[in-house]
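As stored in run15.txt (compact mmCIF, C-alpha atoms):
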```txt
# COMPACT_ATOMS: atom_id res chain seq x y z
CA MET A 26 -27.88 6.91 -9.14
CA LYS A 27 -28.78 9.95 -11.21
CA ILE A 28 -26.58 11.85 -13.68
CA GLU A 29 -27.41 15.34 -14.91
CA GLU A 30 -25.32 16.94 -17.62
CA ARG A 31 -24.54 20.60 -18.19
CA VAL A 32 -21.80 22.53 -19.97
CA VAL A 33 -19.93 25.45 -18.38
CA GLY A 34 -17.07 27.22 -20.16
CA GLY A 35 -16.47 24.33 -22.54
CA VAL A 36 -16.38 21.79 -19.71
CA THR A 37 -19.06 19.10 -19.44
CA ILE A 38 -20.11 18.81 -15.82
CA LEU A 39 -21.87 15.64 -14.72
CA ASP A 40 -23.82 16.24 -11.51
CA ILE A 41 -24.01 12.82 -9.94
CA SER A 42 -26.27 11.96 -7.04
CA GLY A 43 -27.04 8.75 -5.19
CA LYS A 44 -24.78 5.74 -4.82
CA ILE A 45 -21.83 4.63 -6.92
CA THR A 46 -21.75 0.99 -5.95
CA ILE A 47 -21.78 -2.43 -7.53
CA GLY A 48 -25.16 -3.13 -9.01
CA GLU A 49 -26.21 0.50 -8.76
CA GLY A 50 -24.62 2.93 -11.11
CA SER A 51 -21.23 1.32 -11.21
CA ILE A 52 -21.24 1.27 -14.99
CA GLU A 53 -23.48 4.23 -15.70
CA ILE A 54 -20.69 6.78 -15.29
CA LYS A 55 -18.37 4.90 -17.61
CA ASN A 56 -21.12 4.61 -20.23
CA LYS A 57 -21.93 8.31 -19.96
CA VAL A 58 -18.25 9.23 -20.25
CA ARG A 59 -17.86 7.09 -23.39
CA GLU A 60 -20.93 8.75 -24.84
CA LEU A 61 -19.44 12.19 -24.20
CA LEU A 62 -16.09 11.24 -25.74
CA ALA A 63 -17.86 9.88 -28.82
CA ALA A 64 -19.66 13.22 -29.15
CA GLY A 65 -16.35 15.09 -28.93
CA SER A 66 -16.58 16.33 -25.32
CA LYS A 67 -13.19 15.64 -23.78
CA ASN A 68 -13.16 18.01 -20.82
CA ILE A 69 -15.25 16.31 -18.17
CA LEU A 70 -15.85 17.26 -14.54
CA LEU A 71 -17.63 14.87 -12.19
CA ASN A 72 -19.51 16.72 -9.46
CA LEU A 73 -19.69 14.19 -6.62
CA GLY A 74 -21.03 16.49 -3.90
CA ASN A 75 -24.34 14.66 -3.72
CA VAL A 76 -22.95 11.13 -3.81
CA GLY A 77 -23.88 9.35 -0.63
CA MET A 78 -22.12 6.05 -0.86
CA VAL A 79 -19.20 4.69 -2.87
CA ASP A 80 -17.74 1.18 -2.59
CA SER A 81 -14.62 -0.32 -4.17
CA SER A 82 -16.53 -1.01 -7.39
CA GLY A 83 -17.49 2.66 -7.52
CA ILE A 84 -13.87 3.69 -6.96
CA GLY A 85 -12.94 1.32 -9.80
CA GLU A 86 -15.53 3.02 -11.96
CA LEU A 87 -14.00 6.44 -11.35
CA VAL A 88 -10.53 5.07 -12.15
CA SER A 89 -11.76 3.36 -15.28
CA SER A 90 -13.49 6.55 -16.46
CA PHE A 91 -10.33 8.54 -15.77
CA THR A 92 -8.24 6.12 -17.84
CA THR A 93 -10.73 6.12 -20.71
CA VAL A 94 -10.80 9.92 -20.90
CA THR A 95 -7.03 10.29 -20.53
CA ASN A 96 -6.39 7.73 -23.27
CA ALA A 97 -8.75 9.67 -25.53
CA GLY A 98 -6.67 12.82 -25.02
CA GLY A 99 -9.14 14.41 -22.61
CA GLN A 100 -9.18 15.42 -18.97
CA LEU A 101 -11.44 14.04 -16.26
CA LYS A 102 -11.43 15.85 -12.92
CA LEU A 103 -13.44 15.60 -9.72
CA LEU A 104 -15.46 18.25 -7.92
CA LYS A 105 -16.76 18.41 -4.33
CA LEU A 106 -15.52 15.16 -2.89
CA THR A 107 -17.32 14.14 0.27
CA LYS A 108 -15.17 13.51 3.33
CA LYS A 109 -15.60 9.74 3.06
CA LEU A 110 -14.94 9.54 -0.68
CA LYS A 111 -11.83 11.64 -0.19
CA GLU A 112 -10.63 9.19 2.45
CA LEU A 113 -11.27 6.18 0.17
CA LEU A 114 -9.27 7.87 -2.61
CA ALA A 115 -6.50 9.00 -0.26
CA ILE A 116 -5.76 5.61 1.29
CA THR A 117 -5.47 4.01 -2.14
CA LYS A 118 -3.17 6.82 -3.34
CA LEU A 119 -5.74 7.95 -5.90
CA LEU A 120 -5.82 11.54 -4.71
CA THR A 121 -2.42 11.77 -6.37
CA VAL A 122 -3.97 10.60 -9.64
CA PHE A 123 -7.11 12.73 -9.80
CA ASP A 124 -7.23 16.51 -9.90
CA SER A 125 -9.97 17.44 -7.45
CA PHE A 126 -11.56 20.75 -6.55
CA THR A 127 -13.99 22.19 -4.05
CA ASP A 128 -14.92 25.22 -6.16
CA GLU A 129 -16.66 24.77 -9.49
CA GLY A 130 -15.29 27.97 -11.04
CA GLU A 131 -11.76 27.04 -10.15
CA ALA A 132 -12.29 23.53 -11.52
CA VAL A 133 -13.67 24.81 -14.85
CA GLY A 134 -10.80 27.32 -15.12
CA SER A 135 -8.21 24.58 -14.64
CA TYR A 136 -8.88 22.93 -18.01
CA SER A 137 -6.34 23.87 -20.61
CA MET B 243 -17.57 4.45 26.18
CA VAL B 244 -20.15 2.59 24.22
CA ASN B 245 -23.73 2.45 25.41
CA LYS B 246 -25.29 0.41 28.15
CA PHE B 247 -25.88 -2.51 25.83
CA LEU B 248 -22.21 -3.22 26.30
CA LYS B 249 -21.66 -1.57 29.66
CA ASN B 250 -23.95 -4.18 31.16
CA GLY B 251 -21.74 -6.86 29.67
CA LEU B 252 -24.41 -8.05 27.27
CA GLN B 253 -23.29 -10.34 24.50
CA GLU B 254 -25.17 -11.26 21.37
CA ASP B 255 -24.70 -13.38 18.33
CA PHE B 256 -26.58 -12.64 15.09
CA GLU B 257 -26.30 -15.08 12.24
CA ILE B 258 -27.97 -15.11 8.83
CA SER B 259 -27.55 -17.00 5.58
CA PHE B 260 -28.68 -15.85 2.16
CA GLY B 261 -28.37 -16.63 -1.55
CA SER B 262 -25.73 -15.02 -3.74
CA HIS B 263 -27.62 -11.98 -5.01
CA ILE B 264 -25.83 -8.66 -5.50
CA GLN B 265 -29.20 -7.00 -4.79
CA TYR B 266 -28.87 -8.00 -1.13
CA LEU B 267 -25.79 -5.85 -0.55
CA ASP B 268 -27.71 -2.74 0.51
CA LEU B 269 -29.75 -4.79 2.96
CA ILE B 270 -26.62 -6.41 4.39
CA GLN B 271 -24.89 -3.07 4.78
CA GLU B 272 -27.97 -1.66 6.52
CA LEU B 273 -27.98 -4.65 8.87
CA ALA B 274 -24.34 -3.98 9.75
CA LEU B 275 -25.14 -0.30 10.36
CA SER B 276 -28.12 -1.22 12.55
CA ILE B 277 -25.96 -3.48 14.67
CA THR B 278 -23.22 -0.89 15.09
CA LYS B 279 -25.91 1.65 16.02
CA LEU B 280 -27.26 -0.77 18.60
CA ILE B 281 -23.81 -1.00 20.10
CA GLY B 282 -23.60 2.79 20.08
CA LEU B 283 -20.62 3.31 17.82
CA GLU B 284 -20.10 6.74 16.34
CA GLU B 285 -21.21 7.40 12.78
CA ASP B 286 -17.81 7.27 11.09
CA VAL B 287 -16.79 3.99 12.71
CA SER B 288 -20.17 2.47 11.86
CA TYR B 289 -19.90 3.61 8.27
CA TRP B 290 -16.51 1.97 7.75
CA ILE B 291 -17.63 -1.26 9.40
CA GLY B 292 -20.69 -1.26 7.12
CA LEU B 293 -18.46 -0.75 4.09
CA SER B 294 -16.10 -3.54 5.22
CA VAL B 295 -19.04 -5.94 5.53
CA ARG B 296 -20.33 -4.88 2.13
CA GLU B 297 -16.93 -5.45 0.49
CA SER B 298 -16.48 -8.87 2.11
CA VAL B 299 -19.98 -10.01 1.15
CA THR B 300 -19.47 -8.66 -2.39
CA ASN B 301 -16.37 -10.85 -2.69
CA ALA B 302 -18.20 -13.87 -1.26
CA ILE B 303 -21.00 -13.46 -3.82
CA ARG B 304 -18.88 -12.57 -6.86
CA HIS B 305 -15.58 -14.36 -6.42
CA GLY B 306 -16.43 -17.08 -3.91
CA ASN B 307 -19.84 -18.25 -5.03
CA GLN B 308 -19.40 -16.95 -8.60
CA GLN B 309 -22.90 -15.43 -8.32
CA ASP B 310 -24.40 -18.92 -8.25
CA GLU B 311 -27.70 -18.03 -6.59
CA THR B 312 -28.06 -21.50 -5.08
CA LYS B 313 -24.87 -21.04 -3.09
CA LYS B 314 -25.18 -19.37 0.28
CA VAL B 315 -23.28 -16.63 2.02
CA GLY B 316 -23.11 -16.92 5.79
CA LEU B 317 -22.82 -13.75 7.86
CA ARG B 318 -22.35 -13.63 11.61
CA PHE B 319 -22.01 -10.71 14.00
CA LYS B 320 -20.71 -11.60 17.41
CA ILE B 321 -20.90 -8.77 19.92
CA SER B 322 -18.94 -8.99 23.12
CA PRO B 323 -18.02 -6.22 25.59
CA ASP B 324 -14.64 -5.52 24.07
CA ARG B 325 -15.08 -6.37 20.40
CA LEU B 326 -17.37 -6.86 17.43
CA MET B 327 -16.41 -9.93 15.46
CA ILE B 328 -17.84 -10.43 11.96
CA LEU B 329 -17.56 -13.61 9.93
CA VAL B 330 -18.33 -13.87 6.21
CA GLN B 331 -18.34 -17.33 4.66
CA ASP B 332 -18.98 -18.52 1.14
CA GLU B 333 -19.35 -21.91 -0.56
CA GLY B 334 -16.74 -21.35 -3.23
CA LYS B 335 -13.50 -23.09 -4.06
CA GLY B 336 -11.36 -21.03 -1.72
CA PHE B 337 -8.70 -18.50 -2.49
CA ASP B 338 -5.02 -17.82 -1.90
CA ILE B 339 -5.05 -14.42 -0.26
CA SER B 340 -1.30 -14.00 -0.78
CA SER B 341 -1.92 -13.91 -4.53
CA LEU B 342 -3.71 -10.56 -4.26
CA PRO B 343 -1.81 -7.74 -5.96
CA ASP B 344 -0.98 -4.69 -3.86
CA PRO B 345 -3.37 -1.91 -4.95
CA LEU B 346 -0.82 0.70 -3.81
CA ASP B 347 1.85 -0.57 -6.18
CA GLN B 348 2.45 2.05 -8.85
CA ASP B 349 1.64 -0.51 -11.57
CA ASN B 350 -1.74 -1.23 -9.99
CA LEU B 351 -2.92 2.27 -9.11
CA LEU B 352 -5.06 2.60 -12.24
CA LYS B 353 -6.53 -0.88 -12.17
CA PRO B 354 -10.31 -0.80 -11.92
CA SER B 355 -10.50 -3.57 -9.30
CA GLY B 356 -8.57 -5.07 -6.39
CA ARG B 357 -9.26 -2.56 -3.60
CA GLY B 358 -12.06 -4.24 -1.63
CA ILE B 359 -9.94 -6.33 0.74
CA PHE B 360 -7.48 -3.47 1.13
CA TYR B 361 -10.32 -1.30 2.44
CA VAL B 362 -11.44 -4.06 4.83
CA ARG B 363 -7.91 -4.37 6.19
CA THR B 364 -7.70 -0.60 6.59
CA PHE B 365 -10.95 -0.06 8.45
CA MET B 366 -11.05 -3.14 10.69
CA ASP B 367 -8.59 -3.87 13.50
CA ASP B 368 -7.89 -7.53 12.84
CA VAL B 369 -8.70 -9.33 9.59
CA ARG B 370 -8.00 -12.98 8.93
CA PHE B 371 -8.71 -15.18 5.97
CA ARG B 372 -8.85 -18.92 5.67
CA ASN B 373 -10.00 -21.69 3.39
CA ARG B 374 -12.35 -23.73 5.57
CA PRO B 375 -11.64 -27.45 5.90
CA ASP B 376 -15.24 -28.24 4.88
CA GLY B 377 -14.98 -25.97 1.82
CA GLY B 378 -15.48 -22.32 1.10
CA PHE B 379 -13.61 -19.20 2.11
CA GLU B 380 -13.95 -17.28 5.34
CA VAL B 381 -13.19 -13.69 6.29
CA ARG B 382 -13.02 -13.00 10.01
CA MET B 383 -12.79 -9.36 10.95
CA GLU B 384 -12.79 -7.67 14.28
CA LYS B 385 -13.32 -4.17 15.57
CA ARG B 386 -12.11 -3.54 19.07
CA LEU B 387 -14.69 -1.64 21.08
CA ASP B 388 -12.85 -0.89 24.30
CA ASN B 389 -10.89 2.01 22.80
CA LEU B 390 -13.72 3.56 20.81
CA LYS B 391 -15.73 6.58 21.73
CA GLY B 392 -19.38 6.04 21.03
CA GLU B 393 -22.57 8.02 21.15
CA LYS B 394 -23.64 9.32 24.52
CA ASP B 395 -24.37 6.79 27.20
CA GLU B 396 -28.00 5.92 27.68
CA ASP B 397 -28.14 5.94 31.46
```

Translate this file's structure into structure tokens.
Amino acid sequence: MKIEERVVGGVTILDISGKITIGEGSIEIKNKVRELLAAGSKNILLNLGNVGMVDSSGIGELVSSFTTVTNAGGQLKLLKLTKKLKELLAITKLLTVFDSFTDEGEAVGSYS
Amino acid sequence: MVNKFLKNGLQEDFEISFGSHIQYLDLIQELALSITKLIGLEEDVSYWIGLSVRESVTNAIRHGNQQDETKKVGLRFKISPDRLMILVQDEGKGFDISSLPDPLDQDNLLKPSGRGIFYVRTFMDDVRFRNRPDGGFEVRMEKRLDNLKGEKDED
């Protein structure tokens, strides 16, 4: 898994590519998110458009990151969910938890 | 219909056994995908079967065998004309499946774990669990093939 970081309109966007699975990247996102919070960046957008495979550990990682950011007073949102990731989130009722977007501009503009 | 591998009524039984290494999960998932491709299942169905195998083997390695590398995971794919049956066995102490919390319960929605078996139950047609009399836990999952549309026939 690879994470690239950029900032657009005060929102830190993490462009994630590869797999979010147990043993591969399932803790990297959480670590990166903690690092951002420690540095004062609380508006975080995960761009998942280039994520090929996510298992239940990866879903747990997204949930855990969401909770960490929310508890710190920030907002974590999702961008460009693949069809399969959207299905995994939907059947576990997590689409009701996460704000997700298909358009980056709209996502960035949604942070208050 | 699925391809001629099944149209001709061919049956096959693949069985492997391996140590409890998380690093094997990609290989195991690829094996599952290769077998579903051999049968001729469409991409989406194959993907969810591969994920179900991955989740079951993850549980066998982590929760069943407690990542004890000397303990084996057994994996069997039994292909018959109307169904694909997959068995995952570990050498752990067994498990009471009824003790699993419901991941859809409002109190559990934000828990970081506890969704693997739920996904398996969602994507496979018939899933059964048992503590084997000779020890270890077993997941038996089936995908019915007679109502699936596959890739084009290879006549």

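Distances to chain A were evaluated for B:Phe371, B:Phe365, B:Phe337, B:Phe260 using only C-alpha atoms, and the minimum falls at B:Phe365.
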
Item to complete: Up to 8 Å from chain B, what residues of chain A turn up? Count only C-alpha atoms and give them as number ranges by chain.
Response: A: 47-48, 80-82, 84-86, 88-89, 92, 113, 117-119

Those same residues, written as a compact mmCIF listing (two decimals), in the coordinates of the input with C-alpha atoms?
```txt
# COMPACT_ATOMS: atom_id res chain seq x y z
CA ILE A 47 -21.78 -2.43 -7.53
CA GLY A 48 -25.16 -3.13 -9.01
CA ASP A 80 -17.74 1.18 -2.59
CA SER A 81 -14.62 -0.32 -4.17
CA SER A 82 -16.53 -1.01 -7.39
CA ILE A 84 -13.87 3.69 -6.96
CA GLY A 85 -12.94 1.32 -9.80
CA GLU A 86 -15.53 3.02 -11.96
CA VAL A 88 -10.53 5.07 -12.15
CA SER A 89 -11.76 3.36 -15.28
CA THR A 92 -8.24 6.12 -17.84
CA LEU A 113 -11.27 6.18 0.17
CA THR A 117 -5.47 4.01 -2.14
CA LYS A 118 -3.17 6.82 -3.34
CA LEU A 119 -5.74 7.95 -5.90
```

Here atom CA of B:Ser322 and atom CA of B:Arg386 stand apart by 9.6 Å

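A straight line drawn from atom CA of B:Asn307 to atom CA of B:Ser276 is 25.8 Å long.
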
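Using all atoms listed in the file, the residues found no farther than 6 Å from A:Ile38, other than those of its own chain fewer than 2 positions away, are Glu30, Arg31, Val32, Ile69, Leu70 and Leu71 of chain A.
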
| message | Could you list, as a ChimeraX atom specification, every residue within 9 Å of A:Gly74, counting all atoms listed in the file and ignoring same-chain residues fewer than 4 positions away? | response | /A:40-42,104-107

Practice item. Find the residues around A:Thr95 up to 12 Å (only C-alpha atoms counted), leave out those fewer than 2 positions away in its own chain, and share them as a PyMOL selection string. Key: (chain A and resi 58-59+62+67-69+88-93+97-102+122-123) or (chain B and resi 352)

Any chance you could work out the axis-aligned box around stretch 263-275 of chain B, listed atoms only, 4 Å on each side, giving centre and edge lengths in Å to one decimal, as AutoDock Vina command-line options?
```
--center_x -27.0 --center_y -6.1 --center_z 2.4 --size_x 13.4 --size_y 19.7 --size_z 23.9
```

Within 9 Å of B:Asp338 using only C-alpha atoms, minus same-chain residues under 4 positions, as a short mmCIF file (atom, residue, chain, number, x, y, z; two decimals) with C-alpha atoms, in the frame of the given file:
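Full text of around_23.cif as output:
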```cif
data_model
loop_
_atom_site.label_atom_id
_atom_site.label_comp_id
_atom_site.auth_asym_id
_atom_site.auth_seq_id
_atom_site.Cartn_x
_atom_site.Cartn_y
_atom_site.Cartn_z
CA LEU B 342 -3.71 -10.56 -4.26
CA ARG B 372 -8.85 -18.92 5.67
CA ASN B 373 -10.00 -21.69 3.39
#
```
